[in-house]
file coords19.txt (compact mmCIF, N, CA and C atoms)
# COMPACT_ATOMS: atom_id res chain seq x y z
N MET R 94 46.03 -14.40 -47.13
CA MET R 94 44.84 -14.95 -46.52
C MET R 94 44.38 -14.00 -45.40
N ILE R 95 43.11 -13.66 -45.42
CA ILE R 95 42.54 -12.78 -44.41
C ILE R 95 41.77 -13.63 -43.41
N ILE R 96 42.08 -13.42 -42.14
CA ILE R 96 41.38 -14.14 -41.07
C ILE R 96 40.48 -13.14 -40.36
N MET R 97 39.21 -13.48 -40.30
CA MET R 97 38.26 -12.60 -39.61
C MET R 97 37.83 -13.28 -38.32
N GLU R 98 37.82 -12.51 -37.28
CA GLU R 98 37.41 -13.04 -35.98
C GLU R 98 35.99 -12.54 -35.69
N VAL R 99 35.14 -13.45 -35.33
CA VAL R 99 33.77 -13.09 -34.97
C VAL R 99 33.70 -13.08 -33.44
N ILE R 100 33.26 -11.94 -32.93
CA ILE R 100 33.16 -11.80 -31.49
C ILE R 100 31.69 -11.85 -31.10
N ASP R 101 31.36 -12.80 -30.24
CA ASP R 101 29.99 -12.92 -29.74
C ASP R 101 29.91 -12.18 -28.41
N MET R 102 28.91 -11.30 -28.30
CA MET R 102 28.77 -10.54 -27.06
C MET R 102 28.29 -11.46 -25.94
N ASN R 103 28.97 -11.41 -24.81
CA ASN R 103 28.51 -12.13 -23.64
C ASN R 103 27.32 -11.40 -23.06
N ALA R 104 26.54 -12.08 -22.27
CA ALA R 104 25.36 -11.47 -21.65
C ALA R 104 25.74 -10.24 -20.84
N GLU R 105 26.91 -10.29 -20.18
CA GLU R 105 27.31 -9.14 -19.36
C GLU R 105 27.76 -7.95 -20.20
N ASP R 106 28.08 -8.19 -21.48
CA ASP R 106 28.46 -7.10 -22.38
C ASP R 106 27.24 -6.40 -22.99
N LYS R 107 26.11 -7.06 -22.98
CA LYS R 107 24.92 -6.50 -23.60
C LYS R 107 24.35 -5.38 -22.75
N LYS R 108 23.73 -4.45 -23.43
CA LYS R 108 23.21 -3.25 -22.78
C LYS R 108 21.68 -3.30 -22.70
N ILE R 109 21.16 -2.41 -21.89
CA ILE R 109 19.72 -2.19 -21.84
C ILE R 109 19.44 -1.04 -22.80
N ALA R 110 18.73 -1.33 -23.87
CA ALA R 110 18.42 -0.32 -24.89
C ALA R 110 17.24 0.52 -24.41
N VAL R 111 17.42 1.85 -24.47
CA VAL R 111 16.36 2.78 -24.08
C VAL R 111 15.93 3.56 -25.31
N VAL R 112 14.63 3.49 -25.60
CA VAL R 112 14.07 4.20 -26.74
C VAL R 112 13.05 5.20 -26.18
N ALA R 113 13.26 6.48 -26.45
CA ALA R 113 12.36 7.53 -25.96
C ALA R 113 11.69 8.21 -27.14
N CYS R 114 10.45 8.65 -26.93
CA CYS R 114 9.73 9.30 -28.03
C CYS R 114 10.34 10.65 -28.37
N SER R 115 10.83 11.38 -27.39
CA SER R 115 11.48 12.68 -27.60
C SER R 115 10.61 13.67 -28.37
N GLY R 116 9.31 13.62 -28.14
CA GLY R 116 8.36 14.46 -28.86
C GLY R 116 8.46 15.94 -28.53
N ALA R 117 7.65 16.74 -29.24
CA ALA R 117 7.72 18.19 -29.19
C ALA R 117 6.81 18.80 -28.12
N SER R 118 6.70 18.14 -26.99
CA SER R 118 5.91 18.65 -25.86
C SER R 118 6.70 18.41 -24.59
N ASN R 119 6.16 18.85 -23.49
CA ASN R 119 6.84 18.60 -22.21
C ASN R 119 7.00 17.11 -21.93
N THR R 120 5.98 16.32 -22.28
CA THR R 120 6.09 14.88 -22.00
C THR R 120 7.13 14.22 -22.89
N GLY R 121 7.20 14.63 -24.15
CA GLY R 121 8.23 14.10 -25.05
C GLY R 121 9.62 14.47 -24.61
N GLN R 122 9.81 15.71 -24.18
CA GLN R 122 11.12 16.14 -23.71
C GLN R 122 11.49 15.45 -22.40
N THR R 123 10.48 15.17 -21.58
CA THR R 123 10.74 14.44 -20.35
C THR R 123 11.27 13.04 -20.66
N THR R 124 10.68 12.36 -21.65
CA THR R 124 11.16 11.02 -22.01
C THR R 124 12.61 11.07 -22.49
N ASN R 125 12.94 12.08 -23.27
CA ASN R 125 14.31 12.23 -23.76
C ASN R 125 15.29 12.45 -22.61
N GLU R 126 14.93 13.30 -21.68
CA GLU R 126 15.80 13.57 -20.53
C GLU R 126 15.94 12.34 -19.64
N VAL R 127 14.87 11.58 -19.49
CA VAL R 127 14.94 10.34 -18.69
C VAL R 127 15.92 9.37 -19.36
N ALA R 128 15.79 9.18 -20.66
CA ALA R 128 16.69 8.26 -21.38
C ALA R 128 18.14 8.74 -21.29
N THR R 129 18.35 10.03 -21.47
CA THR R 129 19.69 10.60 -21.37
C THR R 129 20.26 10.41 -19.97
N ASN R 130 19.44 10.64 -18.97
CA ASN R 130 19.86 10.49 -17.58
C ASN R 130 20.26 9.04 -17.27
N LEU R 131 19.43 8.10 -17.70
CA LEU R 131 19.75 6.69 -17.45
C LEU R 131 21.08 6.31 -18.10
N CYS R 132 21.29 6.74 -19.33
CA CYS R 132 22.52 6.39 -20.06
C CYS R 132 23.75 7.10 -19.50
N ALA R 133 23.58 8.34 -19.06
CA ALA R 133 24.71 9.10 -18.53
C ALA R 133 25.19 8.57 -17.19
N LYS R 134 24.28 7.99 -16.43
CA LYS R 134 24.62 7.55 -15.07
C LYS R 134 24.98 6.08 -14.96
N SER R 135 24.84 5.33 -16.06
CA SER R 135 25.15 3.91 -15.99
C SER R 135 25.62 3.38 -17.34
N GLU R 136 26.69 2.63 -17.32
CA GLU R 136 27.21 1.98 -18.53
C GLU R 136 26.30 0.83 -18.97
N ASP R 137 25.33 0.46 -18.14
CA ASP R 137 24.42 -0.64 -18.48
C ASP R 137 23.40 -0.26 -19.55
N TYR R 138 23.20 1.06 -19.75
CA TYR R 138 22.18 1.54 -20.67
C TYR R 138 22.80 2.13 -21.94
N THR R 139 22.08 2.00 -23.04
CA THR R 139 22.44 2.66 -24.29
C THR R 139 21.17 3.26 -24.89
N MET R 140 21.29 4.48 -25.41
CA MET R 140 20.14 5.16 -25.98
C MET R 140 20.05 4.86 -27.47
N VAL R 141 18.84 4.58 -27.93
CA VAL R 141 18.60 4.29 -29.34
C VAL R 141 17.91 5.50 -29.97
N CYS R 142 18.40 5.93 -31.11
CA CYS R 142 17.81 7.06 -31.83
C CYS R 142 16.53 6.60 -32.52
N LEU R 143 15.40 7.17 -32.11
CA LEU R 143 14.11 6.79 -32.66
C LEU R 143 14.01 7.10 -34.15
N ALA R 144 14.46 8.28 -34.54
CA ALA R 144 14.41 8.65 -35.96
C ALA R 144 15.26 7.71 -36.82
N ALA R 145 16.42 7.32 -36.31
CA ALA R 145 17.29 6.41 -37.06
C ALA R 145 16.66 5.03 -37.26
N LEU R 146 15.85 4.59 -36.29
CA LEU R 146 15.14 3.32 -36.46
C LEU R 146 14.24 3.37 -37.69
N THR R 147 13.55 4.50 -37.89
CA THR R 147 12.64 4.60 -39.03
C THR R 147 13.38 4.63 -40.36
N LEU R 148 14.66 4.98 -40.31
CA LEU R 148 15.48 5.00 -41.52
C LEU R 148 16.21 3.68 -41.76
N GLY R 149 16.02 2.73 -40.84
CA GLY R 149 16.71 1.45 -40.97
C GLY R 149 18.19 1.54 -40.67
N HIS R 150 18.60 2.51 -39.87
CA HIS R 150 20.01 2.72 -39.54
C HIS R 150 20.56 1.50 -38.80
N LYS R 151 21.61 0.92 -39.33
CA LYS R 151 22.16 -0.33 -38.80
C LYS R 151 22.53 -0.24 -37.32
N ASN R 152 23.21 0.81 -36.92
CA ASN R 152 23.63 0.93 -35.53
C ASN R 152 22.43 0.90 -34.58
N SER R 153 21.38 1.64 -34.92
CA SER R 153 20.20 1.67 -34.06
C SER R 153 19.49 0.32 -34.05
N LEU R 154 19.36 -0.30 -35.21
CA LEU R 154 18.73 -1.62 -35.28
C LEU R 154 19.54 -2.65 -34.50
N ASP R 155 20.87 -2.57 -34.60
CA ASP R 155 21.74 -3.49 -33.87
C ASP R 155 21.62 -3.32 -32.36
N LYS R 156 21.49 -2.07 -31.91
CA LYS R 156 21.33 -1.84 -30.47
C LYS R 156 20.08 -2.56 -29.95
N ILE R 157 19.00 -2.52 -30.73
CA ILE R 157 17.78 -3.22 -30.34
C ILE R 157 17.98 -4.73 -30.41
N ALA R 158 18.54 -5.20 -31.52
CA ALA R 158 18.73 -6.65 -31.73
C ALA R 158 19.64 -7.26 -30.68
N ASP R 159 20.68 -6.53 -30.26
CA ASP R 159 21.67 -7.06 -29.33
C ASP R 159 21.38 -6.75 -27.87
N ALA R 160 20.28 -6.07 -27.61
CA ALA R 160 20.00 -5.62 -26.24
C ALA R 160 19.70 -6.77 -25.29
N LYS R 161 20.18 -6.59 -24.07
CA LYS R 161 19.84 -7.50 -22.98
C LYS R 161 18.36 -7.33 -22.62
N LYS R 162 17.93 -6.07 -22.57
CA LYS R 162 16.54 -5.70 -22.31
C LYS R 162 16.24 -4.45 -23.12
N ILE R 163 14.96 -4.25 -23.41
CA ILE R 163 14.53 -3.07 -24.15
C ILE R 163 13.51 -2.31 -23.32
N VAL R 164 13.78 -1.01 -23.13
CA VAL R 164 12.88 -0.13 -22.39
C VAL R 164 12.41 0.95 -23.36
N VAL R 165 11.10 1.09 -23.50
CA VAL R 165 10.52 2.14 -24.33
C VAL R 165 9.81 3.12 -23.42
N VAL R 166 10.12 4.41 -23.60
CA VAL R 166 9.51 5.46 -22.78
C VAL R 166 8.76 6.42 -23.71
N ASP R 167 7.43 6.36 -23.61
CA ASP R 167 6.58 7.22 -24.41
C ASP R 167 6.04 8.35 -23.56
N GLY R 168 5.80 9.49 -24.21
CA GLY R 168 5.32 10.66 -23.49
C GLY R 168 3.82 10.75 -23.39
N CYS R 169 3.09 10.12 -24.31
CA CYS R 169 1.63 10.28 -24.32
C CYS R 169 0.98 9.03 -24.89
N PRO R 170 -0.35 8.99 -24.90
CA PRO R 170 -1.06 7.79 -25.38
C PRO R 170 -0.87 7.46 -26.86
N VAL R 171 -0.33 8.37 -27.65
CA VAL R 171 -0.07 8.05 -29.06
C VAL R 171 0.98 6.93 -29.15
N LYS R 172 1.93 6.93 -28.21
CA LYS R 172 2.96 5.89 -28.09
C LYS R 172 3.79 5.72 -29.37
N CYS R 173 4.30 6.84 -29.87
CA CYS R 173 5.12 6.82 -31.08
C CYS R 173 6.31 5.87 -30.98
N ALA R 174 7.03 5.94 -29.87
CA ALA R 174 8.23 5.10 -29.73
C ALA R 174 7.85 3.61 -29.75
N SER R 175 6.81 3.25 -29.04
CA SER R 175 6.37 1.84 -29.03
C SER R 175 5.97 1.38 -30.42
N GLN R 176 5.23 2.24 -31.13
CA GLN R 176 4.78 1.88 -32.47
C GLN R 176 5.96 1.75 -33.44
N ILE R 177 6.94 2.61 -33.32
CA ILE R 177 8.09 2.55 -34.21
C ILE R 177 8.94 1.32 -33.93
N VAL R 178 9.15 1.00 -32.66
CA VAL R 178 9.90 -0.22 -32.32
C VAL R 178 9.17 -1.44 -32.88
N ALA R 179 7.85 -1.49 -32.73
CA ALA R 179 7.07 -2.62 -33.23
C ALA R 179 7.14 -2.72 -34.76
N LYS R 180 7.09 -1.58 -35.44
CA LYS R 180 7.05 -1.57 -36.90
C LYS R 180 8.41 -1.90 -37.54
N TYR R 181 9.49 -1.43 -36.93
CA TYR R 181 10.80 -1.54 -37.57
C TYR R 181 11.72 -2.60 -36.99
N THR R 182 11.30 -3.27 -35.94
CA THR R 182 12.12 -4.35 -35.36
C THR R 182 11.24 -5.56 -35.10
N ASP R 183 11.86 -6.66 -34.81
CA ASP R 183 11.09 -7.86 -34.47
C ASP R 183 11.11 -8.12 -32.96
N LYS R 184 11.44 -7.09 -32.19
CA LYS R 184 11.56 -7.22 -30.73
C LYS R 184 10.39 -6.56 -30.01
N LYS R 185 10.06 -7.11 -28.88
CA LYS R 185 9.05 -6.51 -28.01
C LYS R 185 9.77 -5.94 -26.79
N PRO R 186 9.35 -4.76 -26.33
CA PRO R 186 9.99 -4.18 -25.15
C PRO R 186 9.77 -5.03 -23.90
N ASN R 187 10.78 -5.09 -23.06
CA ASN R 187 10.64 -5.73 -21.75
C ASN R 187 9.88 -4.81 -20.80
N LEU R 188 9.99 -3.51 -21.06
CA LEU R 188 9.32 -2.51 -20.24
C LEU R 188 8.82 -1.41 -21.16
N ASP R 189 7.53 -1.12 -21.09
CA ASP R 189 6.90 -0.11 -21.93
C ASP R 189 6.23 0.90 -21.01
N ILE R 190 6.77 2.11 -20.96
CA ILE R 190 6.31 3.16 -20.04
C ILE R 190 5.62 4.26 -20.84
N GLN R 191 4.50 4.74 -20.31
CA GLN R 191 3.82 5.92 -20.88
C GLN R 191 3.66 6.90 -19.73
N ILE R 192 4.43 7.99 -19.75
CA ILE R 192 4.58 8.81 -18.56
C ILE R 192 3.34 9.61 -18.15
N MET R 193 2.46 9.94 -19.08
CA MET R 193 1.24 10.65 -18.68
C MET R 193 0.40 9.74 -17.77
N GLU R 194 0.26 8.52 -18.21
CA GLU R 194 -0.56 7.56 -17.49
C GLU R 194 0.11 7.09 -16.19
N GLU R 195 1.38 6.73 -16.28
CA GLU R 195 2.05 6.11 -15.14
C GLU R 195 2.57 7.08 -14.10
N TYR R 196 2.82 8.34 -14.52
CA TYR R 196 3.40 9.30 -13.57
C TYR R 196 2.57 10.57 -13.42
N GLY R 197 1.41 10.61 -14.06
CA GLY R 197 0.49 11.73 -13.88
C GLY R 197 0.97 13.06 -14.41
N ILE R 198 1.81 13.04 -15.43
CA ILE R 198 2.30 14.29 -16.00
C ILE R 198 1.31 14.77 -17.06
N LYS R 199 0.89 16.00 -16.94
CA LYS R 199 -0.04 16.59 -17.90
C LYS R 199 0.74 17.12 -19.10
N LYS R 200 0.25 16.83 -20.29
CA LYS R 200 0.91 17.25 -21.52
C LYS R 200 0.57 18.71 -21.85
N VAL R 201 1.61 19.49 -22.14
CA VAL R 201 1.44 20.86 -22.63
C VAL R 201 2.32 21.02 -23.86
N PRO R 202 1.92 21.88 -24.80
CA PRO R 202 2.65 21.99 -26.07
C PRO R 202 3.91 22.85 -25.99
N LYS R 203 4.73 22.60 -24.99
CA LYS R 203 6.00 23.32 -24.84
C LYS R 203 7.11 22.30 -24.59
N PRO R 204 8.24 22.47 -25.23
CA PRO R 204 9.34 21.51 -25.06
C PRO R 204 10.14 21.77 -23.78
N THR R 205 9.49 21.57 -22.65
CA THR R 205 10.11 21.79 -21.35
C THR R 205 10.01 20.50 -20.53
N PHE R 206 10.67 20.49 -19.39
CA PHE R 206 10.55 19.35 -18.47
C PHE R 206 10.88 19.84 -17.06
N GLU R 207 10.46 19.06 -16.09
CA GLU R 207 10.74 19.35 -14.68
C GLU R 207 11.83 18.41 -14.19
N LYS R 208 12.88 18.97 -13.62
CA LYS R 208 14.02 18.15 -13.17
C LYS R 208 13.61 17.09 -12.15
N GLN R 209 12.68 17.43 -11.26
CA GLN R 209 12.26 16.45 -10.26
C GLN R 209 11.54 15.26 -10.92
N ASP R 210 10.85 15.49 -12.04
CA ASP R 210 10.22 14.38 -12.76
C ASP R 210 11.27 13.46 -13.36
N ILE R 211 12.36 14.03 -13.86
CA ILE R 211 13.42 13.22 -14.47
C ILE R 211 14.01 12.28 -13.43
N GLN R 212 14.32 12.80 -12.27
CA GLN R 212 14.91 11.98 -11.20
C GLN R 212 13.94 10.89 -10.74
N ARG R 213 12.70 11.27 -10.54
CA ARG R 213 11.68 10.32 -10.04
C ARG R 213 11.43 9.20 -11.05
N ILE R 214 11.25 9.56 -12.30
CA ILE R 214 10.96 8.55 -13.33
C ILE R 214 12.19 7.68 -13.60
N SER R 215 13.36 8.28 -13.67
CA SER R 215 14.59 7.50 -13.89
C SER R 215 14.79 6.46 -12.80
N LYS R 216 14.61 6.87 -11.56
CA LYS R 216 14.77 5.93 -10.44
C LYS R 216 13.76 4.80 -10.53
N ASP R 217 12.52 5.13 -10.86
CA ASP R 217 11.49 4.11 -10.96
C ASP R 217 11.78 3.13 -12.09
N ILE R 218 12.23 3.64 -13.23
CA ILE R 218 12.56 2.74 -14.36
C ILE R 218 13.72 1.83 -13.98
N LYS R 219 14.76 2.38 -13.34
CA LYS R 219 15.88 1.52 -12.91
C LYS R 219 15.40 0.42 -11.98
N ASP R 220 14.52 0.75 -11.05
CA ASP R 220 13.96 -0.25 -10.14
C ASP R 220 13.15 -1.31 -10.89
N LYS R 221 12.34 -0.87 -11.85
CA LYS R 221 11.53 -1.82 -12.62
C LYS R 221 12.41 -2.72 -13.47
N VAL R 222 13.47 -2.17 -14.05
CA VAL R 222 14.37 -2.98 -14.88
C VAL R 222 15.06 -4.06 -14.04
N LYS R 223 15.43 -3.72 -12.82
CA LYS R 223 16.06 -4.71 -11.94
C LYS R 223 15.15 -5.89 -11.65
N ASN R 224 13.84 -5.64 -11.66
CA ASN R 224 12.87 -6.69 -11.35
C ASN R 224 12.37 -7.45 -12.57
N LEU R 225 12.92 -7.17 -13.74
CA LEU R 225 12.49 -7.88 -14.95
C LEU R 225 13.11 -9.26 -15.03
call {"tool": "encode", "arguments": {"input": "coords19.txt", "output": "structure tokens"}}
result
Amino acid sequence: MIIMEVIDMNAEDKKIAVVACSGASNTGQTTNEVATNLCAKSEDYTMVCLAALTLGHKNSLDKIADAKKIVVVDGCPVKCASQIVAKYTDKKPNLDIQIMEEYGIKKVPKPTFEKQDIQRISKDIKDKVKNL
């Protein structure tokens, strides 16, 4: 006889899922670095692979489904990450950031980022998440 134990995640075990567009411009790379920074500095955050969501990857879908909160960080007005989360999941983000609009970053077609922008945006997102 096989006994299977089902473990239900407590609220304190759930993570804040961060989805970044990670596009091929400075704004896309900035979103990726912000998401990486948030996850590297706190066990409260987990990064979701945007490409894996479009493939229906179970781990990525589960991160969204099980999240305590969902933060989407888009680099430009196209809002690829927001559109993909909406299309492939039944969840709405608790926080939806578009860095060109909210932080005044101008988009250029180079995959670069400014370290001071990463720190500034990461801190602001952490503050906004605390107030959700």
call {"tool": "residues_around", "arguments": {"input": "coords19.txt", "residues": "Thr120 of chain R", "least_positions_apart": "2", "cutoff": "7 Å", "atoms": "all atoms listed in the file", "output": "list in words"}}
result
Ser115, Gly116, Ala117, Ser118, Gln122, Thr123, Thr124, Asn125, Asp167, Gly168, Cys169, Met193, Ile198, Lys199, Lys200, Val201, Lys203, Pro204, Thr205 and Phe206 of chain R
call {"tool": "residues_around", "arguments": {"input": "coords19.txt", "residues": "segment 216-223 of chain R", "least_positions_apart": "6", "cutoff": "8 Å", "atoms": "only N, CA and C atoms", "output": "PDB file with N, CA and C atoms, in the coordinates of the input"}}
result
ATOM      1  N   VAL R 127      14.870  11.580 -19.490  1.00  0.00           N
ATOM      2  CA  VAL R 127      14.940  10.340 -18.690  1.00  0.00           C
ATOM      3  C   VAL R 127      15.920   9.370 -19.360  1.00  0.00           C
ATOM      4  N   LEU R 131      19.430   8.100 -17.700  1.00  0.00           N
ATOM      5  CA  LEU R 131      19.750   6.690 -17.450  1.00  0.00           C
ATOM      6  C   LEU R 131      21.080   6.310 -18.100  1.00  0.00           C
ATOM      7  N   ASN R 187      10.780  -5.090 -23.060  1.00  0.00           N
ATOM      8  CA  ASN R 187      10.640  -5.730 -21.750  1.00  0.00           C
ATOM      9  C   ASN R 187       9.880  -4.810 -20.800  1.00  0.00           C
ATOM     10  N   LEU R 188       9.990  -3.510 -21.060  1.00  0.00           N
ATOM     11  CA  LEU R 188       9.320  -2.510 -20.240  1.00  0.00           C
ATOM     12  C   LEU R 188       8.820  -1.410 -21.160  1.00  0.00           C
ATOM     13  N   ASP R 210      10.850  15.490 -12.040  1.00  0.00           N
ATOM     14  CA  ASP R 210      10.220  14.380 -12.760  1.00  0.00           C
ATOM     15  C   ASP R 210      11.270  13.460 -13.360  1.00  0.00           C
TER      16      ASP R 210
END
call {"tool": "closest_residue", "arguments": {"input": "coords19.txt", "among": "R:Leu225, R:Ile177, R:Ala160, R:Val171", "to": "Lys108 of chain R", "atoms": "all atoms listed in the file"}}
result
R:Ala160
call {"tool": "closest_residue", "arguments": {"input": "coords19.txt", "among": "R:Leu154, R:Val112, R:Met140, R:Leu148", "to": "Asp189 of chain R", "atoms": "only C-alpha atoms"}}
result
R:Val112
call {"tool": "atom_distance", "arguments": {"input": "coords19.txt", "atom1": "atom C of Ala179 of chain R", "atom2": "atom CA of Arg213 of chain R"}}
result
28.3 Å
call {"tool": "select_by_dssp", "arguments": {"input": "coords19.txt", "residues": "chain R", "states": "strand (DSSP E or B)", "output": "PyMOL selection string"}}
result
chain R and resi 109-113+138-141+162-167+188-191
call {"tool": "residues_around", "arguments": {"input": "coords19.txt", "residues": "Lys184 of chain R", "least_positions_apart": "4", "cutoff": "8 Å", "atoms": "all atoms listed in the file", "output": "NGL selection string"}}
result
:R and (157-158 or 163 or 178-180)
call {"tool": "write_last_selection", "arguments": {"input": "coords19.txt", "atoms": "N, CA and C atoms", "output": "JSON list (two decimals), keeping the file's coordinate frame"}}
result
[["chain", "number", "residue", "atom", "x", "y", "z"],
["R", 157, "ILE", "N", 19.00, -2.52, -30.73],
["R", 157, "ILE", "CA", 17.78, -3.22, -30.34],
["R", 157, "ILE", "C", 17.98, -4.73, -30.41],
["R", 158, "ALA", "N", 18.54, -5.20, -31.52],
["R", 158, "ALA", "CA", 18.73, -6.65, -31.73],
["R", 158, "ALA", "C", 19.64, -7.26, -30.68],
["R", 163, "ILE", "N", 14.96, -4.25, -23.41],
["R", 163, "ILE", "CA", 14.53, -3.07, -24.15],
["R", 163, "ILE", "C", 13.51, -2.31, -23.32],
["R", 178, "VAL", "N", 9.15, 1.00, -32.66],
["R", 178, "VAL", "CA", 9.90, -0.22, -32.32],
["R", 178, "VAL", "C", 9.17, -1.44, -32.88],
["R", 179, "ALA", "N", 7.85, -1.49, -32.73],
["R", 179, "ALA", "CA", 7.07, -2.62, -33.23],
["R", 179, "ALA", "C", 7.14, -2.72, -34.76],
["R", 180, "LYS", "N", 7.09, -1.58, -35.44],
["R", 180, "LYS", "CA", 7.05, -1.57, -36.90],
["R", 180, "LYS", "C", 8.41, -1.90, -37.54]]
call {"tool": "atom_distance", "arguments": {"input": "coords19.txt", "atom1": "atom CA of Ala174 of chain R", "atom2": "atom CA of Glu194 of chain R"}}
result
15.3 Å
